[in-house]
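Chemist: Just dropping this structure here.
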Number of protein chains: 2
Amino acid sequence: MRRKLEAAGIRPTPQRLAIAKLLFTGDKHVTADQVYDHVRSKKLNVSRATVYNTLNLFTERGLLREVYLDSTRAFFDTNLRPHFHLFYVDSGELVDVEDDELTGFFVGRLPQGVRFQDLDVVVRVYREEGSAK
Amino acid sequence: MRRKLEAAGIRPTPQRLAIAKLLFTGDKHVTADQVYDHVRSKKLNVSRATVYNTLNLFTERGLLREVYLDSTRAFFDTNLRPHFHLFYVDSGELVDVEDDELTGFFVGRLPQGVRFQDLDVVVRVYREEGSAK
DNA sequence: GTTCATGCAAAGGATTTGCAAGTTA
DNA sequence: TAACTTGCAAATCCTTTGCATGAAC
């Protein structure tokens, strides 16, 4: 973990390591508040300002991506591979669907002279009646 | 315009009509603030609260869709046809690209038992060097 | 010893709310 | 008249900032 931060040119302070440990264990979608609560529950002294600083720094350095799900809060996504999001409107769950054709679909539809940077897809869905979770 | 609101079960007050007139003339992407400034410039007495109330009401009744472009403000989109968004990161422009295959692409990729509700796509792009605007 | 990071509290910006007064059907 | 809308100001939520203290190289 320490290595990962150093590789990104980030000083591995205890706060950053704690946040990195939470984030970079499997794919995660988190809000700043969830991160704050988590590190607090570990009895770590971390301020909200530091949580925001850290999430923004990680994002800047390419370790995270921000996802805009709704206008009330920002989500950070640790999955950097091409994928889209399934947002279950009933349960609030957010699930990744990886797809190799995703980027190509849109790149193939860009006007002349326009370069692709990145892509956000949120598909709002719900479970059919009687469908098991 | 009056008809459109009534059809959606919305009382056509002067404030709502003014906002509707701005919105439903061609496809638009607007923020609450842009709406507020616009109606103000028309010398109409409209409060911010009413702008927000109205935009939320229109959205609820299916006359608008909210687009989440970044976490600093909400955009409202009057284009209800299947389309995705091209966001020019350099100029801040937001452009619609209509596409009949869009919905199908994602519906075909949903897991068993999951029903499609709707879809948001933002493709962040920029213009190539030397490419004319 | 600098430079960088942290924590706190205050500031900021967007949006919502409570409520009294005014409108609409 | 009864139900709904408006405007105002205050409140709320999330996020950022300023700055003094403390840690890292």
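How things are named: the first chain in the structure tokens is A, the next is B, and so on; residues count from 1 in each chain; ligands count from 1 in the order shown.
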Report the closest atom pair, with its distance in Å rounded to one decimal, for each residue of chain C that has an atom no farther than 10 Å from chain A; count only C-alpha atoms (C1' of nucleotides), sort by chain and then rising residue number, and write it as a tab-separated table.
Modeler:
```
residue	atom	partner	partner_atom	distance
C:DC4	C1'	A:Arg11	CA	9.0
C:DA5	C1'	A:Thr13	CA	8.2
C:DT6	C1'	A:Thr50	CA	6.8
C:DG7	C1'	A:Ser47	CA	5.9
C:DC8	C1'	A:Ser47	CA	8.4
C:DA14	C1'	A:Ser71	CA	9.6
C:DT15	C1'	A:Thr72	CA	9.2
```
Chemist: Assign secondary structure with DSSP using the backbone only, and return the residues of chain B in strand (DSSP E) as a PDB file with all heavy atoms, in the first residue's frame.
Modeler:
```
ATOM      1  N   HIS B  29     -29.855  22.755 -21.984  1.00  0.00           N
ATOM      2  CA  HIS B  29     -29.264  22.279 -20.728  1.00  0.00           C
ATOM      3  C   HIS B  29     -29.079  23.492 -19.854  1.00  0.00           C
ATOM      4  O   HIS B  29     -28.321  24.392 -20.221  1.00  0.00           O
ATOM      5  CB  HIS B  29     -27.889  21.658 -20.959  1.00  0.00           C
ATOM      6  CG  HIS B  29     -27.883  20.563 -21.951  1.00  0.00           C
ATOM      7  ND1 HIS B  29     -27.475  20.744 -23.246  1.00  0.00           N
ATOM      8  CD2 HIS B  29     -28.238  19.266 -21.846  1.00  0.00           C
ATOM      9  CE1 HIS B  29     -27.573  19.598 -23.894  1.00  0.00           C
ATOM     10  NE2 HIS B  29     -28.042  18.689 -23.077  1.00  0.00           N
ATOM     11  N   VAL B  30     -29.739  23.526 -18.734  1.00  0.00           N
ATOM     12  CA  VAL B  30     -29.659  24.720 -17.900  1.00  0.00           C
ATOM     13  C   VAL B  30     -29.412  24.387 -16.434  1.00  0.00           C
ATOM     14  O   VAL B  30     -29.756  23.309 -15.963  1.00  0.00           O
ATOM     15  CB  VAL B  30     -30.967  25.531 -17.969  1.00  0.00           C
ATOM     16  CG1 VAL B  30     -31.217  26.047 -19.374  1.00  0.00           C
ATOM     17  CG2 VAL B  30     -32.141  24.685 -17.500  1.00  0.00           C
ATOM     18  N   THR B  31     -28.828  25.346 -15.752  1.00  0.00           N
ATOM     19  CA  THR B  31     -28.698  25.250 -14.300  1.00  0.00           C
ATOM     20  C   THR B  31     -29.787  26.120 -13.684  1.00  0.00           C
ATOM     21  O   THR B  31     -30.342  27.003 -14.349  1.00  0.00           O
ATOM     22  CB  THR B  31     -27.339  25.776 -13.819  1.00  0.00           C
ATOM     23  OG1 THR B  31     -27.249  27.164 -14.146  1.00  0.00           O
ATOM     24  CG2 THR B  31     -26.199  25.036 -14.478  1.00  0.00           C
ATOM     25  N   ARG B  65     -35.184  16.231 -17.426  1.00  0.00           N
ATOM     26  CA  ARG B  65     -34.337  15.216 -16.804  1.00  0.00           C
ATOM     27  C   ARG B  65     -33.138  15.909 -16.171  1.00  0.00           C
ATOM     28  O   ARG B  65     -32.629  16.883 -16.714  1.00  0.00           O
ATOM     29  CB  ARG B  65     -33.830  14.222 -17.853  1.00  0.00           C
ATOM     30  CG  ARG B  65     -34.819  13.106 -18.163  1.00  0.00           C
ATOM     31  CD  ARG B  65     -34.319  12.217 -19.286  1.00  0.00           C
ATOM     32  NE  ARG B  65     -32.967  11.716 -19.058  1.00  0.00           N
ATOM     33  CZ  ARG B  65     -32.675  10.684 -18.261  1.00  0.00           C
ATOM     34  NH1 ARG B  65     -33.623  10.021 -17.652  1.00  0.00           N
ATOM     35  NH2 ARG B  65     -31.428  10.309 -18.090  1.00  0.00           N
ATOM     36  N   GLU B  66     -32.710  15.400 -15.035  1.00  0.00           N
ATOM     37  CA  GLU B  66     -31.552  15.988 -14.395  1.00  0.00           C
ATOM     38  C   GLU B  66     -30.300  15.276 -14.923  1.00  0.00           C
ATOM     39  O   GLU B  66     -30.307  14.062 -15.091  1.00  0.00           O
ATOM     40  CB  GLU B  66     -31.669  15.819 -12.876  1.00  0.00           C
ATOM     41  CG  GLU B  66     -30.996  16.922 -12.103  1.00  0.00           C
ATOM     42  CD  GLU B  66     -31.272  16.837 -10.606  1.00  0.00           C
ATOM     43  OE1 GLU B  66     -32.316  16.261 -10.217  1.00  0.00           O
ATOM     44  OE2 GLU B  66     -30.436  17.337  -9.839  1.00  0.00           O
ATOM     45  N   VAL B  67     -29.256  16.035 -15.179  1.00  0.00           N
ATOM     46  CA  VAL B  67     -27.985  15.458 -15.638  1.00  0.00           C
ATOM     47  C   VAL B  67     -26.920  15.788 -14.617  1.00  0.00           C
ATOM     48  O   VAL B  67     -26.825  16.927 -14.167  1.00  0.00           O
ATOM     49  CB  VAL B  67     -27.531  16.083 -16.980  1.00  0.00           C
ATOM     50  CG1 VAL B  67     -26.317  15.335 -17.517  1.00  0.00           C
ATOM     51  CG2 VAL B  67     -28.653  16.082 -17.994  1.00  0.00           C
ATOM     52  N   PHE B  75     -27.609  20.136 -13.640  1.00  0.00           N
ATOM     53  CA  PHE B  75     -28.105  20.592 -14.932  1.00  0.00           C
ATOM     54  C   PHE B  75     -29.438  19.926 -15.205  1.00  0.00           C
ATOM     55  O   PHE B  75     -29.645  18.772 -14.837  1.00  0.00           O
ATOM     56  CB  PHE B  75     -27.134  20.212 -16.053  1.00  0.00           C
ATOM     57  CG  PHE B  75     -25.942  21.099 -16.133  1.00  0.00           C
ATOM     58  CD1 PHE B  75     -24.871  20.900 -15.277  1.00  0.00           C
ATOM     59  CD2 PHE B  75     -25.903  22.142 -17.040  1.00  0.00           C
ATOM     60  CE1 PHE B  75     -23.766  21.734 -15.332  1.00  0.00           C
ATOM     61  CE2 PHE B  75     -24.801  22.974 -17.108  1.00  0.00           C
ATOM     62  CZ  PHE B  75     -23.729  22.770 -16.253  1.00  0.00           C
ATOM     63  N   PHE B  76     -30.309  20.659 -15.889  1.00  0.00           N
ATOM     64  CA  PHE B  76     -31.576  20.094 -16.301  1.00  0.00           C
ATOM     65  C   PHE B  76     -31.613  20.069 -17.817  1.00  0.00           C
ATOM     66  O   PHE B  76     -31.233  21.033 -18.475  1.00  0.00           O
ATOM     67  CB  PHE B  76     -32.733  20.921 -15.739  1.00  0.00           C
ATOM     68  CG  PHE B  76     -32.823  20.843 -14.243  1.00  0.00           C
ATOM     69  CD1 PHE B  76     -32.093  21.714 -13.446  1.00  0.00           C
ATOM     70  CD2 PHE B  76     -33.610  19.875 -13.633  1.00  0.00           C
ATOM     71  CE1 PHE B  76     -32.149  21.623 -12.059  1.00  0.00           C
ATOM     72  CE2 PHE B  76     -33.680  19.779 -12.249  1.00  0.00           C
ATOM     73  CZ  PHE B  76     -32.946  20.656 -11.464  1.00  0.00           C
ATOM     74  N   ASP B  77     -32.090  18.962 -18.341  1.00  0.00           N
ATOM     75  CA  ASP B  77     -32.049  18.706 -19.771  1.00  0.00           C
ATOM     76  C   ASP B  77     -33.477  18.561 -20.266  1.00  0.00           C
ATOM     77  O   ASP B  77     -34.264  17.793 -19.730  1.00  0.00           O
ATOM     78  CB  ASP B  77     -31.286  17.399 -19.995  1.00  0.00           C
ATOM     79  CG  ASP B  77     -31.015  17.122 -21.466  1.00  0.00           C
ATOM     80  OD1 ASP B  77     -31.535  17.859 -22.321  1.00  0.00           O
ATOM     81  OD2 ASP B  77     -30.280  16.155 -21.736  1.00  0.00           O
ATOM     82  N   HIS B  83     -30.423   9.820 -25.891  1.00  0.00           N
ATOM     83  CA  HIS B  83     -29.223  10.520 -26.342  1.00  0.00           C
ATOM     84  C   HIS B  83     -28.157  10.450 -25.272  1.00  0.00           C
ATOM     85  O   HIS B  83     -28.426  10.120 -24.135  1.00  0.00           O
ATOM     86  CB  HIS B  83     -29.531  11.980 -26.665  1.00  0.00           C
ATOM     87  CG  HIS B  83     -29.864  12.816 -25.470  1.00  0.00           C
ATOM     88  ND1 HIS B  83     -31.084  12.767 -24.846  1.00  0.00           N
ATOM     89  CD2 HIS B  83     -29.134  13.711 -24.775  1.00  0.00           C
ATOM     90  CE1 HIS B  83     -31.097  13.611 -23.833  1.00  0.00           C
ATOM     91  NE2 HIS B  83     -29.927  14.189 -23.760  1.00  0.00           N
ATOM     92  N   PHE B  84     -26.933  10.739 -25.690  1.00  0.00           N
ATOM     93  CA  PHE B  84     -25.880  10.863 -24.674  1.00  0.00           C
ATOM     94  C   PHE B  84     -25.248  12.239 -24.772  1.00  0.00           C
ATOM     95  O   PHE B  84     -25.542  12.997 -25.695  1.00  0.00           O
ATOM     96  CB  PHE B  84     -24.863   9.727 -24.767  1.00  0.00           C
ATOM     97  CG  PHE B  84     -24.076   9.646 -26.040  1.00  0.00           C
ATOM     98  CD1 PHE B  84     -22.883  10.345 -26.173  1.00  0.00           C
ATOM     99  CD2 PHE B  84     -24.504   8.839 -27.091  1.00  0.00           C
ATOM    100  CE1 PHE B  84     -22.136  10.247 -27.336  1.00  0.00           C
ATOM    101  CE2 PHE B  84     -23.750   8.729 -28.253  1.00  0.00           C
ATOM    102  CZ  PHE B  84     -22.574   9.442 -28.389  1.00  0.00           C
ATOM    103  N   HIS B  85     -24.428  12.561 -23.783  1.00  0.00           N
ATOM    104  CA  HIS B  85     -23.863  13.899 -23.691  1.00  0.00           C
ATOM    105  C   HIS B  85     -22.389  13.924 -24.010  1.00  0.00           C
ATOM    106  O   HIS B  85     -21.635  13.087 -23.528  1.00  0.00           O
ATOM    107  CB  HIS B  85     -24.086  14.471 -22.301  1.00  0.00           C
ATOM    108  CG  HIS B  85     -25.512  14.757 -22.024  1.00  0.00           C
ATOM    109  ND1 HIS B  85     -26.273  14.004 -21.162  1.00  0.00           N
ATOM    110  CD2 HIS B  85     -26.342  15.690 -22.538  1.00  0.00           C
ATOM    111  CE1 HIS B  85     -27.504  14.472 -21.158  1.00  0.00           C
ATOM    112  NE2 HIS B  85     -27.588  15.488 -21.971  1.00  0.00           N
ATOM    113  N   LEU B  86     -22.030  14.889 -24.805  1.00  0.00           N
ATOM    114  CA  LEU B  86     -20.628  15.181 -25.052  1.00  0.00           C
ATOM    115  C   LEU B  86     -20.294  16.407 -24.230  1.00  0.00           C
ATOM    116  O   LEU B  86     -20.880  17.470 -24.436  1.00  0.00           O
ATOM    117  CB  LEU B  86     -20.451  15.524 -26.533  1.00  0.00           C
ATOM    118  CG  LEU B  86     -19.623  14.605 -27.409  1.00  0.00           C
ATOM    119  CD1 LEU B  86     -19.932  13.157 -27.135  1.00  0.00           C
ATOM    120  CD2 LEU B  86     -19.870  14.929 -28.866  1.00  0.00           C
ATOM    121  N   PHE B  87     -19.384  16.237 -23.311  1.00  0.00           N
ATOM    122  CA  PHE B  87     -18.988  17.375 -22.494  1.00  0.00           C
ATOM    123  C   PHE B  87     -17.587  17.786 -22.903  1.00  0.00           C
ATOM    124  O   PHE B  87     -16.629  17.036 -22.725  1.00  0.00           O
ATOM    125  CB  PHE B  87     -19.044  16.999 -21.017  1.00  0.00           C
ATOM    126  CG  PHE B  87     -18.660  18.123 -20.107  1.00  0.00           C
ATOM    127  CD1 PHE B  87     -19.354  19.326 -20.127  1.00  0.00           C
ATOM    128  CD2 PHE B  87     -17.607  17.984 -19.219  1.00  0.00           C
ATOM    129  CE1 PHE B  87     -19.000  20.377 -19.281  1.00  0.00           C
ATOM    130  CE2 PHE B  87     -17.254  19.027 -18.365  1.00  0.00           C
ATOM    131  CZ  PHE B  87     -17.952  20.224 -18.401  1.00  0.00           C
ATOM    132  N   TYR B  88     -17.485  18.961 -23.478  1.00  0.00           N
ATOM    133  CA  TYR B  88     -16.186  19.470 -23.909  1.00  0.00           C
ATOM    134  C   TYR B  88     -15.477  20.053 -22.698  1.00  0.00           C
ATOM    135  O   TYR B  88     -15.860  21.112 -22.205  1.00  0.00           O
ATOM    136  CB  TYR B  88     -16.354  20.529 -25.000  1.00  0.00           C
ATOM    137  CG  TYR B  88     -16.761  19.914 -26.321  1.00  0.00           C
ATOM    138  CD1 TYR B  88     -18.101  19.725 -26.631  1.00  0.00           C
ATOM    139  CD2 TYR B  88     -15.806  19.508 -27.242  1.00  0.00           C
ATOM    140  CE1 TYR B  88     -18.481  19.129 -27.833  1.00  0.00           C
ATOM    141  CE2 TYR B  88     -16.170  18.916 -28.452  1.00  0.00           C
ATOM    142  CZ  TYR B  88     -17.509  18.728 -28.736  1.00  0.00           C
ATOM    143  OH  TYR B  88     -17.876  18.143 -29.923  1.00  0.00           O
ATOM    144  N   LEU B  94     -21.868  21.566 -23.483  1.00  0.00           N
ATOM    145  CA  LEU B  94     -22.540  20.281 -23.334  1.00  0.00           C
ATOM    146  C   LEU B  94     -23.437  20.063 -24.547  1.00  0.00           C
ATOM    147  O   LEU B  94     -24.333  20.863 -24.818  1.00  0.00           O
ATOM    148  CB  LEU B  94     -23.376  20.292 -22.061  1.00  0.00           C
ATOM    149  CG  LEU B  94     -24.058  18.984 -21.669  1.00  0.00           C
ATOM    150  CD1 LEU B  94     -23.037  17.891 -21.400  1.00  0.00           C
ATOM    151  CD2 LEU B  94     -24.937  19.190 -20.447  1.00  0.00           C
ATOM    152  N   VAL B  95     -23.178  19.009 -25.289  1.00  0.00           N
ATOM    153  CA  VAL B  95     -23.864  18.785 -26.553  1.00  0.00           C
ATOM    154  C   VAL B  95     -24.558  17.428 -26.543  1.00  0.00           C
ATOM    155  O   VAL B  95     -24.009  16.450 -26.038  1.00  0.00           O
ATOM    156  CB  VAL B  95     -22.830  18.820 -27.710  1.00  0.00           C
ATOM    157  CG1 VAL B  95     -23.482  18.459 -29.034  1.00  0.00           C
ATOM    158  CG2 VAL B  95     -22.160  20.184 -27.785  1.00  0.00           C
ATOM    159  N   ASP B  96     -25.745  17.381 -27.096  1.00  0.00           N
ATOM    160  CA  ASP B  96     -26.471  16.110 -27.195  1.00  0.00           C
ATOM    161  C   ASP B  96     -26.072  15.336 -28.441  1.00  0.00           C
ATOM    162  O   ASP B  96     -25.902  15.925 -29.509  1.00  0.00           O
ATOM    163  CB  ASP B  96     -27.975  16.377 -27.332  1.00  0.00           C
ATOM    164  CG  ASP B  96     -28.599  16.779 -26.018  1.00  0.00           C
ATOM    165  OD1 ASP B  96     -27.896  16.760 -24.992  1.00  0.00           O
ATOM    166  OD2 ASP B  96     -29.797  17.114 -26.026  1.00  0.00           O
ATOM    167  N   VAL B  97     -25.985  14.036 -28.307  1.00  0.00           N
ATOM    168  CA  VAL B  97     -25.855  13.169 -29.468  1.00  0.00           C
ATOM    169  C   VAL B  97     -26.991  12.152 -29.393  1.00  0.00           C
ATOM    170  O   VAL B  97     -27.029  11.332 -28.478  1.00  0.00           O
ATOM    171  CB  VAL B  97     -24.516  12.416 -29.484  1.00  0.00           C
ATOM    172  CG1 VAL B  97     -24.427  11.523 -30.722  1.00  0.00           C
ATOM    173  CG2 VAL B  97     -23.353  13.393 -29.450  1.00  0.00           C
ATOM    174  N   GLU B  98     -27.904  12.249 -30.327  1.00  0.00           N
ATOM    175  CA  GLU B  98     -29.019  11.310 -30.312  1.00  0.00           C
ATOM    176  C   GLU B  98     -28.593  10.009 -30.953  1.00  0.00           C
ATOM    177  O   GLU B  98     -27.799  10.000 -31.892  1.00  0.00           O
ATOM    178  CB  GLU B  98     -30.219  11.910 -31.047  1.00  0.00           C
ATOM    179  CG  GLU B  98     -30.588  13.254 -30.460  1.00  0.00           C
ATOM    180  CD  GLU B  98     -32.065  13.562 -30.567  1.00  0.00           C
ATOM    181  OE1 GLU B  98     -32.848  12.694 -30.977  1.00  0.00           O
ATOM    182  OE2 GLU B  98     -32.433  14.702 -30.212  1.00  0.00           O
ATOM    183  N   VAL B 114     -33.351  -7.942 -14.061  1.00  0.00           N
ATOM    184  CA  VAL B 114     -33.154  -6.516 -13.813  1.00  0.00           C
ATOM    185  C   VAL B 114     -33.834  -5.708 -14.910  1.00  0.00           C
ATOM    186  O   VAL B 114     -33.673  -5.991 -16.081  1.00  0.00           O
ATOM    187  CB  VAL B 114     -31.648  -6.181 -13.745  1.00  0.00           C
ATOM    188  CG1 VAL B 114     -31.430  -4.684 -13.768  1.00  0.00           C
ATOM    189  CG2 VAL B 114     -31.037  -6.786 -12.500  1.00  0.00           C
ATOM    190  N   ARG B 115     -34.613  -4.726 -14.506  1.00  0.00           N
ATOM    191  CA  ARG B 115     -35.366  -3.914 -15.449  1.00  0.00           C
ATOM    192  C   ARG B 115     -34.739  -2.537 -15.631  1.00  0.00           C
ATOM    193  O   ARG B 115     -34.348  -1.901 -14.658  1.00  0.00           O
ATOM    194  CB  ARG B 115     -36.797  -3.705 -14.930  1.00  0.00           C
ATOM    195  CG  ARG B 115     -37.645  -4.940 -14.949  1.00  0.00           C
ATOM    196  CD  ARG B 115     -38.153  -5.261 -16.346  1.00  0.00           C
ATOM    197  NE  ARG B 115     -39.133  -6.346 -16.282  1.00  0.00           N
ATOM    198  CZ  ARG B 115     -40.410  -6.168 -15.959  1.00  0.00           C
ATOM    199  NH1 ARG B 115     -40.872  -4.966 -15.690  1.00  0.00           N
ATOM    200  NH2 ARG B 115     -41.231  -7.201 -15.898  1.00  0.00           N
ATOM    201  N   PHE B 116     -34.739  -2.126 -16.849  1.00  0.00           N
ATOM    202  CA  PHE B 116     -34.182  -0.823 -17.207  1.00  0.00           C
ATOM    203  C   PHE B 116     -35.107   0.314 -16.791  1.00  0.00           C
ATOM    204  O   PHE B 116     -36.312   0.245 -16.995  1.00  0.00           O
ATOM    205  CB  PHE B 116     -34.002  -0.782 -18.726  1.00  0.00           C
ATOM    206  CG  PHE B 116     -33.495   0.520 -19.250  1.00  0.00           C
ATOM    207  CD1 PHE B 116     -32.140   0.804 -19.223  1.00  0.00           C
ATOM    208  CD2 PHE B 116     -34.369   1.457 -19.765  1.00  0.00           C
ATOM    209  CE1 PHE B 116     -31.658   2.012 -19.725  1.00  0.00           C
ATOM    210  CE2 PHE B 116     -33.893   2.668 -20.258  1.00  0.00           C
ATOM    211  CZ  PHE B 116     -32.535   2.948 -20.237  1.00  0.00           C
ATOM    212  N   GLN B 117     -34.575   1.353 -16.220  1.00  0.00           N
ATOM    213  CA  GLN B 117     -35.382   2.539 -15.955  1.00  0.00           C
ATOM    214  C   GLN B 117     -34.929   3.697 -16.825  1.00  0.00           C
ATOM    215  O   GLN B 117     -35.627   4.153 -17.694  1.00  0.00           O
ATOM    216  CB  GLN B 117     -35.325   2.946 -14.486  1.00  0.00           C
ATOM    217  CG  GLN B 117     -36.221   4.132 -14.200  1.00  0.00           C
ATOM    218  CD  GLN B 117     -36.328   4.430 -12.715  1.00  0.00           C
ATOM    219  OE1 GLN B 117     -35.561   5.205 -12.162  1.00  0.00           O
ATOM    220  NE2 GLN B 117     -37.284   3.787 -12.066  1.00  0.00           N
ATOM    221  N   ASP B 118     -33.728   4.178 -16.604  1.00  0.00           N
ATOM    222  CA  ASP B 118     -33.162   5.149 -17.525  1.00  0.00           C
ATOM    223  C   ASP B 118     -31.667   5.179 -17.446  1.00  0.00           C
ATOM    224  O   ASP B 118     -31.055   4.361 -16.751  1.00  0.00           O
ATOM    225  CB  ASP B 118     -33.800   6.519 -17.383  1.00  0.00           C
ATOM    226  CG  ASP B 118     -33.591   7.068 -15.995  1.00  0.00           C
ATOM    227  OD1 ASP B 118     -32.504   6.858 -15.436  1.00  0.00           O
ATOM    228  OD2 ASP B 118     -34.513   7.701 -15.466  1.00  0.00           O
ATOM    229  N   LEU B 119     -31.090   6.142 -18.109  1.00  0.00           N
ATOM    230  CA  LEU B 119     -29.703   6.046 -18.510  1.00  0.00           C
ATOM    231  C   LEU B 119     -29.086   7.430 -18.578  1.00  0.00           C
ATOM    232  O   LEU B 119     -29.697   8.353 -19.104  1.00  0.00           O
ATOM    233  CB  LEU B 119     -29.750   5.445 -19.919  1.00  0.00           C
ATOM    234  CG  LEU B 119     -28.519   5.146 -20.681  1.00  0.00           C
ATOM    235  CD1 LEU B 119     -27.674   4.149 -19.918  1.00  0.00           C
ATOM    236  CD2 LEU B 119     -28.903   4.552 -22.034  1.00  0.00           C
ATOM    237  N   ASP B 120     -27.919   7.579 -18.025  1.00  0.00           N
ATOM    238  CA  ASP B 120     -27.169   8.829 -18.150  1.00  0.00           C
ATOM    239  C   ASP B 120     -25.796   8.534 -18.689  1.00  0.00           C
ATOM    240  O   ASP B 120     -25.076   7.733 -18.099  1.00  0.00           O
ATOM    241  CB  ASP B 120     -26.945   9.451 -16.766  1.00  0.00           C
ATOM    242  CG  ASP B 120     -28.080  10.337 -16.350  1.00  0.00           C
ATOM    243  OD1 ASP B 120     -28.879  10.709 -17.219  1.00  0.00           O
ATOM    244  OD2 ASP B 120     -28.153  10.655 -15.153  1.00  0.00           O
ATOM    245  N   VAL B 121     -25.427   9.186 -19.753  1.00  0.00           N
ATOM    246  CA  VAL B 121     -24.074   9.017 -20.273  1.00  0.00           C
ATOM    247  C   VAL B 121     -23.444  10.375 -20.490  1.00  0.00           C
ATOM    248  O   VAL B 121     -24.023  11.238 -21.157  1.00  0.00           O
ATOM    249  CB  VAL B 121     -24.054   8.266 -21.619  1.00  0.00           C
ATOM    250  CG1 VAL B 121     -22.626   8.093 -22.111  1.00  0.00           C
ATOM    251  CG2 VAL B 121     -24.752   6.929 -21.511  1.00  0.00           C
ATOM    252  N   VAL B 122     -22.284  10.559 -19.926  1.00  0.00           N
ATOM    253  CA  VAL B 122     -21.500  11.756 -20.209  1.00  0.00           C
ATOM    254  C   VAL B 122     -20.156  11.300 -20.747  1.00  0.00           C
ATOM    255  O   VAL B 122     -19.435  10.566 -20.080  1.00  0.00           O
ATOM    256  CB  VAL B 122     -21.281  12.609 -18.946  1.00  0.00           C
ATOM    257  CG1 VAL B 122     -20.404  13.812 -19.268  1.00  0.00           C
ATOM    258  CG2 VAL B 122     -22.610  13.059 -18.369  1.00  0.00           C
ATOM    259  N   VAL B 123     -19.834  11.725 -21.957  1.00  0.00           N
ATOM    260  CA  VAL B 123     -18.540  11.422 -22.549  1.00  0.00           C
ATOM    261  C   VAL B 123     -17.722  12.700 -22.514  1.00  0.00           C
ATOM    262  O   VAL B 123     -18.107  13.700 -23.116  1.00  0.00           O
ATOM    263  CB  VAL B 123     -18.681  10.935 -24.006  1.00  0.00           C
ATOM    264  CG1 VAL B 123     -17.326  10.538 -24.561  1.00  0.00           C
ATOM    265  CG2 VAL B 123     -19.655   9.772 -24.096  1.00  0.00           C
ATOM    266  N   ARG B 124     -16.664  12.672 -21.775  1.00  0.00           N
ATOM    267  CA  ARG B 124     -15.807  13.852 -21.690  1.00  0.00           C
ATOM    268  C   ARG B 124     -14.842  13.853 -22.869  1.00  0.00           C
ATOM    269  O   ARG B 124     -14.150  12.857 -23.097  1.00  0.00           O
ATOM    270  CB  ARG B 124     -15.042  13.850 -20.372  1.00  0.00           C
ATOM    271  CG  ARG B 124     -15.659  14.731 -19.301  1.00  0.00           C
ATOM    272  CD  ARG B 124     -15.152  14.402 -17.918  1.00  0.00           C
ATOM    273  NE  ARG B 124     -15.999  13.369 -17.356  1.00  0.00           N
ATOM    274  CZ  ARG B 124     -17.097  13.625 -16.654  1.00  0.00           C
ATOM    275  NH1 ARG B 124     -17.439  14.864 -16.352  1.00  0.00           N
ATOM    276  NH2 ARG B 124     -17.846  12.634 -16.217  1.00  0.00           N
ATOM    277  N   VAL B 125     -14.837  14.940 -23.582  1.00  0.00           N
ATOM    278  CA  VAL B 125     -14.017  15.016 -24.789  1.00  0.00           C
ATOM    279  C   VAL B 125     -13.329  16.378 -24.882  1.00  0.00           C
ATOM    280  O   VAL B 125     -13.627  17.284 -24.106  1.00  0.00           O
ATOM    281  CB  VAL B 125     -14.880  14.831 -26.062  1.00  0.00           C
ATOM    282  CG1 VAL B 125     -15.524  13.451 -26.088  1.00  0.00           C
ATOM    283  CG2 VAL B 125     -15.939  15.914 -26.156  1.00  0.00           C
ATOM    284  N   TYR B 126     -12.431  16.479 -25.836  1.00  0.00           N
ATOM    285  CA  TYR B 126     -11.827  17.779 -26.111  1.00  0.00           C
ATOM    286  C   TYR B 126     -11.533  17.841 -27.593  1.00  0.00           C
ATOM    287  O   TYR B 126     -11.510  16.806 -28.272  1.00  0.00           O
ATOM    288  CB  TYR B 126     -10.548  17.985 -25.294  1.00  0.00           C
ATOM    289  CG  TYR B 126      -9.529  16.887 -25.446  1.00  0.00           C
ATOM    290  CD1 TYR B 126      -8.475  17.021 -26.337  1.00  0.00           C
ATOM    291  CD2 TYR B 126      -9.633  15.715 -24.708  1.00  0.00           C
ATOM    292  CE1 TYR B 126      -7.542  16.017 -26.482  1.00  0.00           C
ATOM    293  CE2 TYR B 126      -8.706  14.695 -24.853  1.00  0.00           C
ATOM    294  CZ  TYR B 126      -7.657  14.851 -25.734  1.00  0.00           C
ATOM    295  OH  TYR B 126      -6.732  13.850 -25.883  1.00  0.00           O
ATOM    296  N   ARG B 127     -11.341  19.051 -28.091  1.00  0.00           N
ATOM    297  CA  ARG B 127     -11.078  19.198 -29.518  1.00  0.00           C
ATOM    298  C   ARG B 127      -9.608  18.989 -29.819  1.00  0.00           C
ATOM    299  O   ARG B 127      -8.748  19.442 -29.077  1.00  0.00           O
ATOM    300  CB  ARG B 127     -11.505  20.591 -29.981  1.00  0.00           C
ATOM    301  CG  ARG B 127     -12.998  20.706 -30.123  1.00  0.00           C
ATOM    302  CD  ARG B 127     -13.399  22.107 -30.532  1.00  0.00           C
ATOM    303  NE  ARG B 127     -14.500  22.574 -29.692  1.00  0.00           N
ATOM    304  CZ  ARG B 127     -15.759  22.187 -29.842  1.00  0.00           C
ATOM    305  NH1 ARG B 127     -16.085  21.361 -30.793  1.00  0.00           N
ATOM    306  NH2 ARG B 127     -16.693  22.648 -29.038  1.00  0.00           N
TER     307      ARG B 127
END
```
Chemist: Have a look at D:DT16, D:DT1, D:DT6, D:DT21 and name the one nearest to chain A; count only C-alpha atoms (C1' of nucleotides).
Modeler: D:DT16
Chemist: Give me, as a list in words, the contact residues of chain D against chain B at a cut-off of 9 Å, counting only C-alpha atoms (C1' of nucleotides).
Modeler: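 Taken together, these residues fit the definition: DC4, DT5, DT6, DG7 and DC8 of chain D.
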Chemist: As a ChimeraX atom specification, please: every residue in chain A that a backbone DSSP assignment puts in alpha helix (DSSP H).
Modeler: /A:2-7,14-23,32-41,48-60,102-107
Chemist: In terms of the shortest atom-to-atom distance over only C-alpha atoms, which of B:Asp37, B:Glu60, B:Glu101, B:Asp70 is closest to chain A?
Modeler: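 When distances to chain A are compared using only C-alpha atoms, the smallest one comes from B:Asp70.
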